[in-house]
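**Q** What follows is upload_10.txt, compact mmCIF, C-alpha atoms and all ligand atoms.
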# COMPACT_ATOMS: atom_id res chain seq x y z
CA MET A 1 130.74 116.69 111.60
CA ALA A 2 130.26 114.93 108.27
CA VAL A 3 126.70 113.65 107.85
CA THR A 4 125.72 110.65 105.73
CA ARG A 5 122.05 111.31 104.96
CA GLY A 6 119.91 108.26 105.57
CA LEU A 7 123.08 106.45 106.72
CA GLU A 8 123.63 105.46 103.07
CA GLY A 9 126.57 103.08 102.74
CA VAL A 10 127.32 103.19 106.48
CA VAL A 11 128.35 99.78 107.85
CA ALA A 12 126.79 99.66 111.32
CA THR A 13 127.38 96.07 112.44
CA THR A 14 128.79 92.70 111.49
CA SER A 15 126.24 89.95 110.83
CA SER A 16 126.35 86.33 109.68
CA ILE A 17 122.68 86.15 108.67
CA SER A 18 122.25 87.58 105.17
CA SER A 19 124.37 89.50 102.70
CA ILE A 20 123.90 91.69 99.64
CA ILE A 21 127.05 91.75 97.52
CA ASP A 22 127.05 92.97 93.90
CA ASP A 23 123.25 92.73 93.75
CA THR A 24 123.32 89.10 94.93
CA LEU A 25 121.31 88.28 98.05
CA THR A 26 122.29 85.30 100.18
CA TYR A 27 120.95 83.87 103.44
CA VAL A 28 123.91 82.35 105.33
CA GLY A 29 125.75 81.96 102.02
CA TYR A 30 122.90 80.32 100.05
CA THR A 31 121.70 82.45 97.13
CA ILE A 32 118.10 83.58 97.17
CA ASP A 33 117.65 81.90 93.76
CA ASP A 34 118.69 78.55 95.21
CA LEU A 35 116.48 78.95 98.27
CA ALA A 36 113.47 80.24 96.31
CA GLU A 37 113.69 77.20 94.08
CA HIS A 38 114.29 74.52 96.70
CA ALA A 39 113.70 75.57 100.31
CA SER A 40 110.51 75.71 102.36
CA PHE A 41 109.87 78.68 104.63
CA GLU A 42 110.40 76.52 107.73
CA GLU A 43 113.86 75.50 106.44
CA VAL A 44 114.69 79.16 105.92
CA VAL A 45 113.55 80.06 109.44
CA TYR A 46 115.84 77.36 110.81
CA LEU A 47 118.69 78.54 108.59
CA LEU A 48 118.38 82.15 109.75
CA TRP A 49 118.16 81.19 113.43
CA HIS A 50 120.88 78.49 113.47
CA ARG A 51 123.07 79.49 110.47
CA LYS A 52 122.74 75.99 109.02
CA LEU A 53 120.08 74.11 107.11
CA PRO A 54 118.21 71.66 109.34
CA ASN A 55 118.45 67.90 108.98
CA LYS A 56 115.13 66.01 108.84
CA THR A 57 114.81 65.66 112.63
CA GLU A 58 115.68 69.30 113.26
CA LEU A 59 113.17 70.43 110.64
CA GLU A 60 110.41 68.24 112.06
CA GLU A 61 111.18 69.57 115.54
CA LEU A 62 110.89 73.19 114.40
CA LYS A 63 107.68 72.43 112.52
CA SER A 64 106.10 70.87 115.60
CA GLN A 65 107.29 73.74 117.80
CA LEU A 66 105.68 76.23 115.40
CA ALA A 67 102.47 74.18 115.32
CA GLU A 68 102.36 73.82 119.12
CA ASN A 69 102.77 77.57 119.66
CA ALA A 70 100.37 78.85 117.00
CA GLN A 71 97.42 79.52 119.34
CA ILE A 72 96.99 83.07 120.59
CA PRO A 73 95.55 83.96 124.02
CA ALA A 74 91.73 84.00 124.20
CA GLU A 75 91.97 87.50 125.72
CA ILE A 76 93.50 88.77 122.46
CA ILE A 77 90.70 87.25 120.37
CA ALA A 78 88.21 88.88 122.77
CA TYR A 79 90.03 92.21 122.42
CA LEU A 80 89.93 91.99 118.62
CA LYS A 81 86.21 91.19 118.71
CA ALA A 82 85.50 94.13 120.99
CA THR A 83 87.43 96.67 118.92
CA ASN A 84 86.37 98.66 115.85
CA LEU A 85 89.00 97.07 113.67
CA ASN A 86 87.94 98.88 110.51
CA ALA A 87 89.10 102.17 112.02
CA ALA A 88 92.76 101.10 112.04
CA HIS A 89 95.33 99.92 109.53
CA PRO A 90 96.09 96.17 109.90
CA MET A 91 99.74 97.03 110.56
CA SER A 92 98.67 99.16 113.52
CA VAL A 93 96.53 96.27 114.78
CA LEU A 94 99.46 93.88 114.33
CA ARG A 95 101.85 96.25 116.12
CA THR A 96 99.42 96.55 119.04
CA VAL A 97 98.65 92.84 119.30
CA ILE A 98 102.32 91.80 119.14
CA SER A 99 102.97 94.20 121.99
CA MET A 100 99.97 92.76 123.90
CA LEU A 101 101.35 89.23 123.55
CA SER A 102 104.09 90.14 126.02
CA LEU A 103 101.42 90.65 128.71
CA TYR A 104 100.48 86.97 128.41
CA ASP A 105 104.05 85.64 128.38
CA GLU A 106 105.49 85.13 131.86
CA SER A 107 109.00 84.98 130.41
CA ALA A 108 108.60 88.24 128.42
CA GLU A 109 111.32 90.04 130.38
CA SER A 110 113.63 87.07 130.91
CA MET A 111 117.06 86.93 129.27
CA GLU A 112 117.91 83.57 130.85
CA GLY A 113 119.06 80.46 128.95
CA LYS A 114 116.90 79.62 125.94
CA SER A 115 114.21 82.09 126.91
CA ASN A 116 114.72 84.45 123.96
CA TYR A 117 114.87 81.57 121.48
CA LEU A 118 111.58 80.21 122.85
CA LYS A 119 110.02 83.66 122.49
CA ALA A 120 111.21 83.68 118.89
CA VAL A 121 109.42 80.38 118.23
CA LYS A 122 106.24 81.71 119.84
CA LEU A 123 106.27 84.99 117.92
CA GLN A 124 106.94 83.29 114.59
CA ALA A 125 104.12 80.83 115.24
CA GLN A 126 101.62 83.38 116.52
CA VAL A 127 102.10 86.15 113.96
CA SER A 128 100.26 84.32 111.19
CA THR A 129 97.42 83.34 113.54
CA ILE A 130 97.02 87.00 114.52
CA VAL A 131 96.85 88.28 110.93
CA ALA A 132 94.39 85.57 109.85
CA ALA A 133 92.19 85.98 112.96
CA TYR A 134 92.13 89.75 112.62
CA SER A 135 91.19 89.52 108.96
CA ARG A 136 88.21 87.26 109.72
CA ILE A 137 87.01 89.06 112.83
CA ARG A 138 86.77 92.41 111.03
CA LYS A 139 84.48 90.74 108.48
CA GLY A 140 82.25 89.38 111.25
CA LEU A 141 83.61 85.83 110.83
CA GLU A 142 84.89 83.47 113.51
CA PRO A 143 88.68 82.91 113.55
CA VAL A 144 89.80 79.50 112.30
CA ALA A 145 91.97 77.44 114.65
CA PRO A 146 95.44 76.56 113.29
CA ASN A 147 95.68 73.19 111.52
CA THR A 148 98.85 71.65 112.94
CA LYS A 149 99.12 69.14 110.08
CA LEU A 150 99.67 71.83 107.45
CA SER A 151 102.88 73.62 106.52
CA PHE A 152 103.38 77.17 107.79
CA ALA A 153 102.34 78.66 104.41
CA ALA A 154 99.35 76.36 103.92
CA ASN A 155 98.15 76.87 107.48
CA PHE A 156 98.11 80.66 107.08
CA LEU A 157 95.97 80.44 103.92
CA TYR A 158 93.74 77.89 105.66
CA MET A 159 93.21 80.13 108.71
CA LEU A 160 92.55 83.11 106.43
CA ASN A 161 90.00 81.47 104.12
CA ASN A 162 88.69 78.50 106.14
CA ARG A 163 89.54 76.13 103.28
CA GLU A 164 92.63 74.10 102.52
CA PRO A 165 94.62 75.86 99.77
CA ASN A 166 95.58 74.03 96.56
CA GLU A 167 99.18 73.12 95.65
CA ILE A 168 99.74 76.16 93.40
CA GLU A 169 98.56 78.56 96.11
CA ILE A 170 100.76 76.87 98.72
CA GLN A 171 103.84 76.91 96.48
CA ALA A 172 103.41 80.57 95.55
CA PHE A 173 102.80 81.69 99.11
CA ASP A 174 105.64 79.61 100.54
CA LYS A 175 108.04 81.04 97.97
CA ALA A 176 106.90 84.58 98.79
CA LEU A 177 107.64 83.89 102.47
CA VAL A 178 111.12 82.58 101.58
CA LEU A 179 111.85 85.66 99.45
CA HIS A 180 110.82 88.17 102.15
CA ALA A 181 112.43 86.46 105.16
CA ASP A 182 115.55 88.54 105.63
CA HIS A 183 117.41 91.41 104.02
CA GLU A 184 120.55 92.49 105.85
CA LEU A 185 120.21 95.84 107.63
CA ASN A 186 116.96 97.13 106.10
CA ALA A 187 115.12 99.85 108.04
CA SER A 188 112.85 97.59 110.13
CA THR A 189 115.64 95.16 111.02
CA PHE A 190 117.89 98.05 111.99
CA THR A 191 115.04 99.41 114.13
CA ALA A 192 114.72 96.06 115.90
CA ARG A 193 118.46 95.96 116.55
CA VAL A 194 118.58 99.53 117.85
CA CYS A 195 115.72 98.74 120.22
CA VAL A 196 117.14 95.54 121.70
CA ALA A 197 120.67 96.96 121.85
CA THR A 198 119.41 98.89 124.89
CA LEU A 199 118.80 95.38 126.32
CA SER A 200 115.08 95.89 125.95
CA ASP A 201 113.01 92.72 125.41
CA VAL A 202 112.24 90.76 122.21
CA TYR A 203 108.58 91.92 122.09
CA SER A 204 109.69 95.56 122.17
CA GLY A 205 112.17 94.95 119.33
CA ILE A 206 109.52 93.30 117.15
CA THR A 207 106.90 95.95 117.95
CA ALA A 208 109.36 98.65 116.89
CA ALA A 209 110.24 96.75 113.71
CA ILE A 210 106.58 96.44 112.70
CA GLY A 211 106.23 100.21 113.06
CA ALA A 212 109.16 100.72 110.69
CA LEU A 213 107.99 98.14 108.13
CA LYS A 214 104.58 99.84 107.91
CA GLY A 215 105.91 102.93 106.08
CA PRO A 216 105.33 103.21 102.30
CA LEU A 217 109.05 103.68 101.60
CA HIS A 218 109.61 100.20 103.10
CA GLY A 219 107.17 97.27 103.44
CA GLY A 220 104.10 99.47 103.04
CA ALA A 221 104.99 99.89 99.37
CA ASN A 222 103.33 96.58 98.38
CA GLU A 223 99.85 97.77 99.41
CA ASN A 224 100.48 101.06 97.61
CA VAL A 225 101.50 99.25 94.43
CA MET A 226 98.06 97.61 94.39
CA LYS A 227 96.40 100.95 95.09
CA MET A 228 98.19 102.34 92.03
CA LEU A 229 97.19 99.35 89.87
CA MET A 230 93.54 99.78 90.91
CA GLU A 231 93.69 103.50 90.18
CA ILE A 232 95.16 102.88 86.72
CA GLY A 233 92.41 100.33 86.13
CA ASP A 234 93.43 99.03 82.71
CA VAL A 235 96.44 98.36 80.51
CA GLU A 236 95.58 101.22 78.13
CA ASN A 237 95.79 103.76 80.98
CA VAL A 238 99.26 102.72 82.14
CA GLU A 239 101.40 104.95 79.94
CA PRO A 240 99.63 108.30 80.55
CA TYR A 241 99.31 107.56 84.28
CA ILE A 242 102.98 106.65 84.82
CA LEU A 243 104.40 109.38 82.59
CA ASN A 244 102.26 111.95 84.36
CA ALA A 245 103.42 110.69 87.76
CA LEU A 246 107.07 110.76 86.73
CA ASN A 247 106.72 114.27 85.25
CA ASN A 248 105.28 115.40 88.57
CA LYS A 249 108.11 113.77 90.51
CA VAL A 250 105.73 111.30 92.18
CA LYS A 251 107.55 108.19 93.35
CA ILE A 252 106.32 104.99 91.73
CA MET A 253 105.77 102.47 94.49
CA GLY A 254 107.66 99.21 94.11
CA PHE A 255 110.62 100.76 92.25
CA GLY A 256 114.08 101.76 93.37
CA HIS A 257 116.23 100.51 96.20
CA ARG A 258 118.84 101.91 98.54
CA VAL A 259 121.30 99.04 97.99
CA TYR A 260 120.53 97.33 94.65
CA ARG A 261 121.62 99.19 91.56
CA GLY A 262 121.19 96.57 88.83
CA GLY A 263 117.93 95.21 90.26
CA ASP A 264 116.43 93.32 93.18
CA PRO A 265 117.11 89.59 92.69
CA ARG A 266 113.82 88.69 94.41
CA ALA A 267 111.70 90.57 91.88
CA LYS A 268 112.12 88.08 89.02
CA HIS A 269 110.75 85.24 91.16
CA LEU A 270 107.72 87.29 92.19
CA LYS A 271 107.24 88.39 88.58
CA GLU A 272 107.16 84.77 87.45
CA MET A 273 104.63 83.88 90.16
CA SER A 274 102.47 86.92 89.46
CA LYS A 275 102.23 85.74 85.84
CA LYS A 276 101.52 82.14 86.79
CA ILE A 277 98.88 82.88 89.45
CA GLY A 278 97.28 85.46 87.12
CA GLU A 279 96.97 82.80 84.40
CA VAL A 280 95.60 80.20 86.81
CA THR A 281 92.95 82.57 88.17
CA GLY A 282 92.19 84.16 84.79
CA GLU A 283 93.23 87.57 86.11
CA THR A 284 96.11 88.36 83.77
CA LYS A 285 95.35 92.09 83.62
CA TRP A 286 97.32 92.96 86.77
CA TYR A 287 100.45 91.22 85.54
CA GLU A 288 100.14 92.84 82.11
CA MET A 289 99.73 96.27 83.67
CA SER A 290 102.70 95.64 85.96
CA LEU A 291 104.82 94.56 83.01
CA GLN A 292 104.07 97.81 81.17
CA ILE A 293 104.78 99.90 84.26
CA GLU A 294 108.12 98.14 84.61
CA GLU A 295 109.00 98.87 80.97
CA ILE A 296 108.20 102.57 81.32
CA VAL A 297 109.85 103.16 84.72
CA THR A 298 112.96 101.19 83.75
CA SER A 299 113.41 102.92 80.40
CA SER A 300 112.66 106.45 81.56
CA LYS A 301 114.20 106.43 85.05
CA ASN A 302 116.48 103.41 84.96
CA LEU A 303 114.81 102.19 88.16
CA PRO A 304 114.19 98.44 88.38
CA PRO A 305 111.30 96.92 90.40
CA ASN A 306 111.93 95.85 93.99
CA VAL A 307 110.45 92.99 96.06
CA ASP A 308 107.23 94.95 96.68
CA PHE A 309 106.25 95.39 93.03
CA TYR A 310 105.20 91.99 91.67
CA SER A 311 104.22 90.66 95.10
CA ALA A 312 101.23 93.04 94.93
CA SER A 313 99.63 91.57 91.80
CA MET A 314 100.50 88.07 92.97
CA TYR A 315 98.82 88.48 96.38
CA HIS A 316 95.83 90.12 94.70
CA CYS A 317 95.41 87.10 92.42
CA LEU A 318 95.64 84.84 95.48
CA GLY A 319 92.51 86.67 96.71
CA ILE A 320 94.26 88.40 99.61
CA ASP A 321 92.85 91.72 100.87
CA HIS A 322 95.15 94.56 99.82
CA ASP A 323 95.71 95.94 103.31
CA LEU A 324 97.00 92.52 104.42
CA PHE A 325 99.95 92.64 102.00
CA THR A 326 102.24 94.41 104.49
CA PRO A 327 101.18 92.26 107.48
CA ILE A 328 102.04 89.24 105.29
CA PHE A 329 105.46 90.76 104.69
CA ALA A 330 105.74 91.01 108.50
CA ILE A 331 104.81 87.32 108.91
CA SER A 332 107.81 86.39 106.80
CA ARG A 333 110.22 89.12 107.99
CA MET A 334 109.47 88.10 111.59
CA SER A 335 112.01 85.30 111.00
CA GLY A 336 114.73 87.76 109.97
CA TRP A 337 113.96 90.26 112.72
CA LEU A 338 114.20 87.49 115.31
CA ALA A 339 117.48 86.19 113.89
CA HIS A 340 118.94 89.71 114.08
CA ILE A 341 117.60 90.31 117.60
CA LEU A 342 119.20 87.07 118.82
CA GLU A 343 122.45 87.99 117.05
CA GLN A 344 122.41 91.46 118.61
CA TYR A 345 122.02 90.01 122.13
CA GLU A 346 124.92 87.61 121.52
CA ASN A 347 127.43 90.43 121.01
CA ASN A 348 125.69 93.56 122.16
CA ARG A 349 126.78 97.16 122.21
CA LEU A 350 124.40 100.11 122.56
CA ILE A 351 123.66 101.70 119.15
CA ARG A 352 123.92 105.43 119.57
CA PRO A 353 125.07 107.57 116.62
CA ARG A 354 125.56 111.34 116.72
CA ALA A 355 123.69 114.28 115.16
CA ASP A 356 125.32 117.35 113.64
CA TYR A 357 123.55 120.13 115.55
CA THR A 358 122.19 122.88 113.26
CA GLY A 359 119.98 124.82 115.72
CA PRO A 360 120.66 128.17 117.42
CA THR A 361 123.50 128.53 119.97
CA HIS A 362 124.37 130.78 122.94
CA GLN A 363 120.76 131.62 123.80
CA THR A 364 119.87 133.15 127.17
CA TYR A 365 116.80 132.02 129.06
CA VAL A 366 113.99 134.62 129.24
CA PRO A 367 111.16 134.13 131.81
CA VAL A 368 107.80 133.37 130.17
CA GLU A 369 106.21 136.71 131.25
CA LYS A 370 108.95 138.61 129.43
CA ARG A 371 108.71 136.69 126.14
CA GLY A 372 107.06 138.47 123.20
C1 LIG B 401 111.02 96.07 101.06
C2 LIG B 401 111.49 97.41 100.71
O1 LIG B 401 111.63 98.25 101.58
S1 LIG B 401 111.91 97.73 99.11
C3 LIG B 401 111.58 99.49 98.90
C4 LIG B 401 110.10 99.73 98.94
N1 LIG B 401 109.79 101.13 98.71
C5 LIG B 401 109.30 101.60 97.58
O2 LIG B 401 109.08 100.88 96.62
C6 LIG B 401 108.99 103.07 97.54
C7 LIG B 401 109.50 103.74 96.27
N2 LIG B 401 110.94 103.79 96.27
C8 LIG B 401 111.60 104.77 96.97
O3 LIG B 401 111.00 105.63 97.61
C9 LIG B 401 113.12 104.73 96.98
O4 LIG B 401 113.61 104.15 95.80
C10 LIG B 401 113.67 103.99 98.22
C11 LIG B 401 113.09 104.57 99.49
C12 LIG B 401 113.35 102.53 98.15
C13 LIG B 401 115.20 104.14 98.23
O5 LIG B 401 115.44 105.44 98.51
P1 LIG B 401 116.83 106.21 98.44
O6 LIG B 401 117.96 105.31 98.29
O7 LIG B 401 116.84 107.13 99.61
O8 LIG B 401 116.69 107.05 97.12
P2 LIG B 401 115.98 108.45 96.98
O9 LIG B 401 114.60 108.43 97.52
O10 LIG B 401 116.92 109.47 97.55
O11 LIG B 401 115.93 108.56 95.41
C14 LIG B 401 117.03 108.92 94.57
C15 LIG B 401 116.45 109.51 93.28
O12 LIG B 401 115.71 108.52 92.59
C16 LIG B 401 114.33 108.89 92.51
N3 LIG B 401 113.51 107.74 92.84
C17 LIG B 401 113.83 106.77 93.74
N4 LIG B 401 112.82 105.87 93.78
C18 LIG B 401 111.90 106.29 92.89
C19 LIG B 401 110.65 105.78 92.50
N5 LIG B 401 110.16 104.67 93.05
N6 LIG B 401 109.95 106.46 91.57
C20 LIG B 401 110.43 107.58 91.02
N7 LIG B 401 111.63 108.12 91.36
C21 LIG B 401 112.34 107.48 92.29
C22 LIG B 401 114.14 109.98 93.57
O13 LIG B 401 113.06 110.82 93.29
C23 LIG B 401 115.49 110.66 93.54
O14 LIG B 401 115.51 111.49 92.41
P3 LIG B 401 116.25 112.92 92.45
O15 LIG B 401 117.70 112.59 92.73
O16 LIG B 401 116.00 113.48 91.11
O17 LIG B 401 115.60 113.68 93.55
O1 LIG B 402 116.79 96.36 102.36
C1 LIG B 402 116.01 97.31 102.22
O2 LIG B 402 116.37 98.51 102.33
C2 LIG B 402 114.60 97.09 101.94
C3 LIG B 402 114.28 95.73 101.44
O3 LIG B 402 114.44 95.42 100.28
C4 LIG B 402 113.81 94.72 102.40
O4 LIG B 402 113.71 95.02 103.59
O5 LIG B 402 113.53 93.58 101.99
Would you mind writing the structure in this file as structure tokens?
**A**
Amino acid sequence: MAVTRGLEGVVATTSSISSIIDDTLTYVGYTIDDLAEHASFEEVVYLLWHRKLPNKTELEELKSQLAENAQIPAEIIAYLKATNLNAAHPMSVLRTVISMLSLYDESAESMEGKSNYLKAVKLQAQVSTIVAAYSRIRKGLEPVAPNTKLSFAANFLYMLNNREPNEIEIQAFDKALVLHADHELNASTFTARVCVATLSDVYSGITAAIGALKGPLHGGANENVMKMLMEIGDVENVEPYILNALNNKVKIMGFGHRVYRGGDPRAKHLKEMSKKIGEVTGETKWYEMSLQIEEIVTSSKNLPPNVDFYSASMYHCLGIDHDLFTPIFAISRMSGWLAHILEQYENNRLIRPRADYTGPTHQTYVPVEKRG
């Protein structure tokens, strides 16, 4: 059997949610550049779930549904308070808590009518509350209740920091959410689809997806980019550090991509925001270091930065804890995962590829007492 390692180039499904053609990313036919410039995250969520941009009434309805469903069960807050949260990675906490949510949802197993859509609304609303609450509880602070008057992006920053964010912070964060929302059949989305294609429930699909996003070759790269920037420490150390890593065949986090060859179209938007937020906060060093890393990696390996590279310095300048970078990716990607899960249910077939067996053959069973 011919094997395609890593399923590279294999077309595994049809989808009308997002596309990557000739290095151009679109959500339902709208380019990411257009959406990054003009759309709010809530509009993008609606677009991914309904395959059309909402009119004013539809948008307001989605916004109020997200606001109404943002509370998480008191039992989950109690669980977080009773657990040694510093012993686990935030993505592990998120994976666990998302799975726990199903225990408090009477319709968790239902496939009837609008049940899965309503679960999607709940999960999208609750994910940001979970990440913000977790982040505060582990610091010994009380969680902040969602502010239903704020936008999705502003409310997350408000729940995280217990202060209303300014316009620049809201704009940057909202744009980051728009840019991360969906990406065709990336590893975590594929994981979600494989899971629900067995007709398992939405919570299981999302729990599986979070596990896949956590890895450093996927969403986990953004936290590792910041780790690298901290290790490098200063602009003057960039060149020896990166050249040494490349000589030793160490992968530089935030570079390369399975699908894009000429570059990730989301990176330029994050680069621009990293620069802007760095200037506003007076922390330009991280952007300058990132710029130099990009120059070296691009010229010596011809590898352009991906979505995870400039998001790291941008989130850092927004004052976000480094280990929350990947959970924040999950807050945004939740919208894409849910769109794909709903699409999978609409036209389902079990996903079950084959493996080319390379182990021993024609073996004869030997009883344990006779084995050497
Ligand atoms: C949201 C996202 O998931 S975006 C991706 C986030 N992940 C990262 O940033 C991690 C770093 N990047 C990588 O590991 C890879 O580029 C991936 C996983 C994104 C894509 O992987 P693949 O398509 O499987 O490419 P693969 O890992 O086989 O690399 C091909 C070649 O490029 C090299 N390469 C790829 N990425 C990098 C990198 N970031 N730094 C250095 N070399 C790299 C590999 O070492 C390999 O070289 P070789 O042929 O000499 O052995
Ligand atoms: O598509 C991929 O392989 C990874 C990626 O960029 C994403 O999930 O946003």
**Q** Counting only C-alpha atoms and all ligand atoms, which residues of chain A fall within 9 Å of ligand LIG 401 (chain B), and what is the closest atom pair for each with its distance in Å at one decimal, ordered by chain and rising number, as CSV?
**A**
residue,atom,partner,partner_atom,distance
A:Arg5,CA,B:LIG401,O7,8.6
A:Gly6,CA,B:LIG401,O7,6.8
A:Glu8,CA,B:LIG401,O6,7.4
A:His180,CA,B:LIG401,C1,8.0
A:His183,CA,B:LIG401,C1,8.4
A:Asn186,CA,B:LIG401,O1,7.1
A:Ala187,CA,B:LIG401,O1,7.5
A:Ser188,CA,B:LIG401,O1,8.7
A:Leu213,CA,B:LIG401,O1,7.5
A:Gly215,CA,B:LIG401,N1,8.5
A:Pro216,CA,B:LIG401,C6,6.0
A:Leu217,CA,B:LIG401,N1,3.9
A:His218,CA,B:LIG401,O1,3.2
A:Gly219,CA,B:LIG401,C1,4.7
A:Gly220,CA,B:LIG401,C4,7.3
A:Ala221,CA,B:LIG401,C5,5.0
A:Asn222,CA,B:LIG401,O2,7.4
A:Asn224,CA,B:LIG401,O2,8.7
A:Val225,CA,B:LIG401,O2,8.1
A:Ala245,CA,B:LIG401,C20,8.3
A:Leu246,CA,B:LIG401,C20,6.3
A:Lys249,CA,B:LIG401,O13,6.4
A:Val250,CA,B:LIG401,C20,6.1
A:Lys251,CA,B:LIG401,N6,3.5
A:Ile252,CA,B:LIG401,N6,3.9
A:Met253,CA,B:LIG401,O2,4.2
A:Gly254,CA,B:LIG401,O2,3.3
A:Phe255,CA,B:LIG401,N5,4.0
A:Gly256,CA,B:LIG401,O4,3.4
A:His257,CA,B:LIG401,C12,4.0
A:Arg258,CA,B:LIG401,O6,3.5
A:Val259,CA,B:LIG401,O6,7.1
A:Asp264,CA,B:LIG401,S1,8.7
A:Val297,CA,B:LIG401,N6,7.6
A:Lys301,CA,B:LIG401,N7,7.0
A:Leu303,CA,B:LIG401,C18,6.9
A:Pro304,CA,B:LIG401,N5,8.8
A:Pro305,CA,B:LIG401,O2,7.7
A:Asn306,CA,B:LIG401,S1,5.5
A:Val307,CA,B:LIG401,S1,5.8
A:Asp308,CA,B:LIG401,C1,5.9
A:Phe309,CA,B:LIG401,O2,7.1
A:Phe329,CA,B:LIG401,C1,8.5
**Q** Within 7 Å of range 33-46 of chain A, counting all atoms listed in the file, which residues show up once you throw out same-chain ones fewer than 5 positions away? Write them as a PyMOL selection string, please.
**A** chain A and resi 53-54+59+63+174-175+177-179+335
**Q** If the box runs along x, y and z of the file and leaves 6 Å on each side of ligand LIG 402 (chain B), what are its centre and edge lengths in Å, one decimal, as JSON?
**A**
{"center_x": 115.2, "center_y": 96.0, "center_z": 101.9, "size_x": 15.3, "size_y": 16.9, "size_z": 15.3}
**Q** For His322 in chain A, find every residue with an atom within 8 Å (counting all atoms listed in the file), except residues of its own chain fewer than 5 positions away, and show them as a PDB file with C-alpha atoms, keeping the file's coordinate frame.
**A**
ATOM      1  CA  GLU A 223      99.850  97.770  99.410  1.00  0.00           C
ATOM      2  CA  MET A 226      98.060  97.610  94.390  1.00  0.00           C
ATOM      3  CA  ALA A 312     101.230  93.040  94.930  1.00  0.00           C
ATOM      4  CA  TYR A 315      98.820  88.480  96.380  1.00  0.00           C
ATOM      5  CA  HIS A 316      95.830  90.120  94.700  1.00  0.00           C
TER       6      HIS A 316
END
**Q** Taking all atoms listed in the file into account, name the residue in A:Val11, A:Ala67, A:Ala78, A:Met91 that is nearest to Phe156 in chain A.
**A**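 When distances to Phe156 in chain A are compared using all atoms listed in the file, the smallest one comes from A:Ala67.
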**Q** List as JSON, numbers by chain the protein and nucleic acid residues near Ile320 in chain A, meaning an atom at most 12 Å away when only C-alpha atoms are counted, but skip any in the same chain fewer than 5 places from it.
**A** {"A": [131, 132, 135, 136, 156, 157, 160, 161, 169, 173, 223, 226, 311, 312, 313, 314, 315, 325, 326, 327, 328]}
**Q** Looking at only C-alpha atoms, which of A:Pro353, A:Pro143, A:Gly9, A:Gly319 is the one that sits closest to Ser128 in chain A?
**A**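 Of all the options, A:Pro143 lies closest to Ser128 in chain A.
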**Q** Report, in Å to a single decimal, how far apart CA of Gln171 in chain A and CA of Gly336 in chain A are.
**A**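 Separation of CA of Gly336 in chain A and CA of Gln171 in chain A: 20.5 Å.
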